[in-house]
>>> print(open('start05.tsv').read())   # TSV, C-alpha atoms
chain	number	residue	atom	x	y	z
A	1	MET	CA	0.00	0.00	0.00
A	2	GLY	CA	1.42	3.39	-0.99
A	3	ILE	CA	1.58	6.50	1.12
A	4	LYS	CA	-0.02	9.64	-0.27
A	5	ILE	CA	1.72	12.96	0.35
A	6	GLU	CA	1.48	16.48	-1.01
A	7	ALA	CA	4.18	17.64	-3.42
A	8	ASP	CA	5.20	20.51	-1.12
A	9	GLU	CA	6.11	17.94	1.56
A	10	ILE	CA	9.07	16.74	-0.55
A	11	GLU	CA	12.36	18.62	-0.33
A	12	ALA	CA	14.62	18.56	-3.38
A	13	PRO	CA	17.92	16.76	-2.70
A	14	GLN	CA	21.10	18.80	-3.15
A	15	LYS	CA	22.77	16.65	-5.83
A	16	GLN	CA	20.94	14.41	-8.28
A	17	GLY	CA	19.48	14.31	-11.75
A	18	TRP	CA	16.10	15.70	-10.68
A	19	GLY	CA	14.55	18.08	-8.21
A	20	ILE	CA	11.31	19.64	-7.04
A	21	VAL	CA	10.77	23.40	-7.09
A	22	HIS	CA	8.07	25.21	-5.09
A	23	LEU	CA	7.35	28.84	-6.00
A	24	LYS	CA	4.89	31.21	-4.37
A	25	GLN	CA	2.88	33.54	-6.59
A	26	GLY	CA	5.15	36.32	-7.89
A	27	GLN	CA	8.34	34.49	-6.96
A	28	ARG	CA	11.14	33.95	-9.46
A	29	GLY	CA	12.86	30.61	-9.95
A	30	PRO	CA	15.83	29.49	-7.86
A	31	ALA	CA	18.45	30.25	-10.54
A	32	ASP	CA	19.28	33.06	-12.93
A	33	GLU	CA	19.36	32.28	-16.64
A	34	HIS	CA	21.67	29.30	-17.14
A	35	SER	CA	22.28	26.28	-19.36
A	36	HIS	CA	23.47	22.68	-18.95
A	37	PRO	CA	25.50	20.21	-21.04
A	38	TYR	CA	22.39	17.94	-20.99
A	39	ASP	CA	18.71	18.21	-21.94
A	40	GLU	CA	16.35	19.18	-19.14
A	41	TYR	CA	12.61	18.61	-18.75
A	42	VAL	CA	10.20	20.41	-16.43
A	43	VAL	CA	6.93	18.70	-15.45
A	44	MET	CA	4.40	21.12	-14.01
A	45	LEU	CA	2.56	19.53	-11.07
A	46	SER	CA	0.44	22.50	-10.00
A	47	GLY	CA	-0.02	26.19	-10.63
A	48	ARG	CA	1.11	28.35	-13.52
A	49	CYS	CA	4.59	29.67	-14.22
A	50	VAL	CA	6.39	31.62	-16.94
A	51	LEU	CA	9.60	29.92	-18.07
A	52	ARG	CA	12.14	31.51	-20.42
A	53	ASN	CA	13.59	29.22	-23.07
A	54	ALA	CA	16.12	30.61	-25.58
A	55	GLY	CA	14.99	34.17	-24.82
A	56	ILE	CA	11.26	33.46	-25.26
A	57	ASN	CA	8.84	33.56	-22.30
A	58	VAL	CA	6.28	30.73	-22.31
A	59	GLU	CA	3.48	30.14	-19.78
A	60	TYR	CA	3.16	26.58	-18.48
A	61	GLY	CA	0.36	25.14	-16.37
A	62	ALA	CA	-0.31	21.98	-14.38
A	63	GLY	CA	0.15	18.85	-16.50
A	64	GLU	CA	2.36	20.51	-19.11
A	65	ILE	CA	5.98	19.62	-19.82
A	66	GLY	CA	8.76	22.03	-20.79
A	67	PHE	CA	11.83	20.92	-22.74
A	68	PHE	CA	15.16	22.75	-22.55
A	69	PRO	CA	17.75	21.39	-25.01
A	70	ARG	CA	21.36	21.04	-23.87
A	71	ASN	CA	23.34	24.29	-23.78
A	72	GLN	CA	20.21	26.42	-24.36
A	73	PRO	CA	19.78	29.30	-21.86
A	74	HIS	CA	16.64	29.06	-19.71
A	75	ARG	CA	15.15	30.05	-16.33
A	76	SER	CA	11.94	30.32	-14.31
A	77	VAL	CA	10.77	33.90	-14.84
A	78	GLU	CA	7.78	34.20	-12.49
A	79	ALA	CA	5.12	32.08	-10.80
A	80	LEU	CA	1.69	33.40	-11.83
A	81	GLU	CA	0.20	31.47	-8.90
A	82	ASP	CA	1.62	29.08	-6.31
A	83	THR	CA	3.48	26.53	-8.44
A	84	THR	CA	5.24	23.20	-8.02
A	85	TYR	CA	7.27	21.52	-10.73
A	86	ILE	CA	9.76	18.71	-11.12
A	87	TRP	CA	12.88	19.13	-13.25
A	88	THR	CA	14.89	16.21	-14.55
A	89	ARG	CA	18.00	15.63	-16.61
A	90	GLY	CA	17.69	13.94	-19.97
A	91	ASP	CA	21.21	12.62	-20.48
A	92	SER	CA	22.08	10.97	-23.75
A	93	PRO	CA	23.47	7.40	-23.59
A	94	ASP	CA	27.03	8.66	-24.23
A	95	ASP	CA	27.04	11.28	-21.41
>>> encode(input="start05.tsv", output="structure tokens")
Amino acid sequence: MGIKIEADEIEAPQKQGWGIVHLKQGQRGPADEHSHPYDEYVVMLSGRCVLRNAGINVEYGAGEIGFFPRNQPHRSVEALEDTTYIWTRGDSPDD
């Protein structure tokens, strides 16, 4: 039997290939614009948030997935309401 918990009860570990981000309405993401040597995906669990991808702001809502190709600048711009999302690395087999 599984245990049900709320997403905001999970703290993101410090080092791993995924993490959970909780933003309050109006809050910016935890990092300035940055890029990675791997693809990254963001899965929106709740709320609405504006994410910048290659200089373009896009609004994402619960259930939507954002894709950030390797070496492409991106960031969380602003939470339009309380928001929770998971980010994960998408390493290629040769990484």
>>> axis_aligned_box(input="start05.tsv", around="range 16-27 of chain A", padding_each_side="4 Å", output="AutoDock Vina command-line options")
--center_x 11.9 --center_y 25.3 --center_z -8.1 --size_x 26.1 --size_y 30.0 --size_z 15.4
>>> atom_distance(input="start05.tsv", atom1="CA of Phe68 in chain A", atom2="CA of Val42 in chain A")
8.2 Å
>>> closest_residue(input="start05.tsv", among="A:Glu40, A:Asp32, A:Glu81, A:Asp8", to="Gly61 in chain A", atoms="all atoms listed in the file")
A:Glu81
>>> residues_near_point(input="start05.tsv", point="(3.4, 29.6, -16.6)", cutoff="8 Å", atoms="only C-alpha atoms", output="list in words")
Gly47, Arg48, Cys49, Val50, Leu51, Val58, Glu59, Tyr60, Gly61, Glu78, Ala79 and Leu80 of chain A
>>> closest_residue(input="start05.tsv", among="A:Val43, A:Ile56, A:Ile65, A:Val77", to="Gln27 in chain A", atoms="only C-alpha atoms")
A:Val77
>>> closest_residue(input="start05.tsv", among="A:Asn71, A:Thr83, A:Pro37, A:Gly26", to="Asn53 in chain A", atoms="all atoms listed in the file")
A:Asn71
>>> closest_residue(input="start05.tsv", among="A:Gly63, A:Pro73, A:Gly19, A:Gly55", to="Glu33 in chain A", atoms="all atoms listed in the file")
A:Pro73
>>> atom_distance(input="start05.tsv", atom1="CA of Thr84 in chain A", atom2="CA of Gly66 in chain A")
13.3 Å
>>> atom_distance(input="start05.tsv", atom1="CA of Ala62 in chain A", atom2="CA of Gly17 in chain A")
21.4 Å
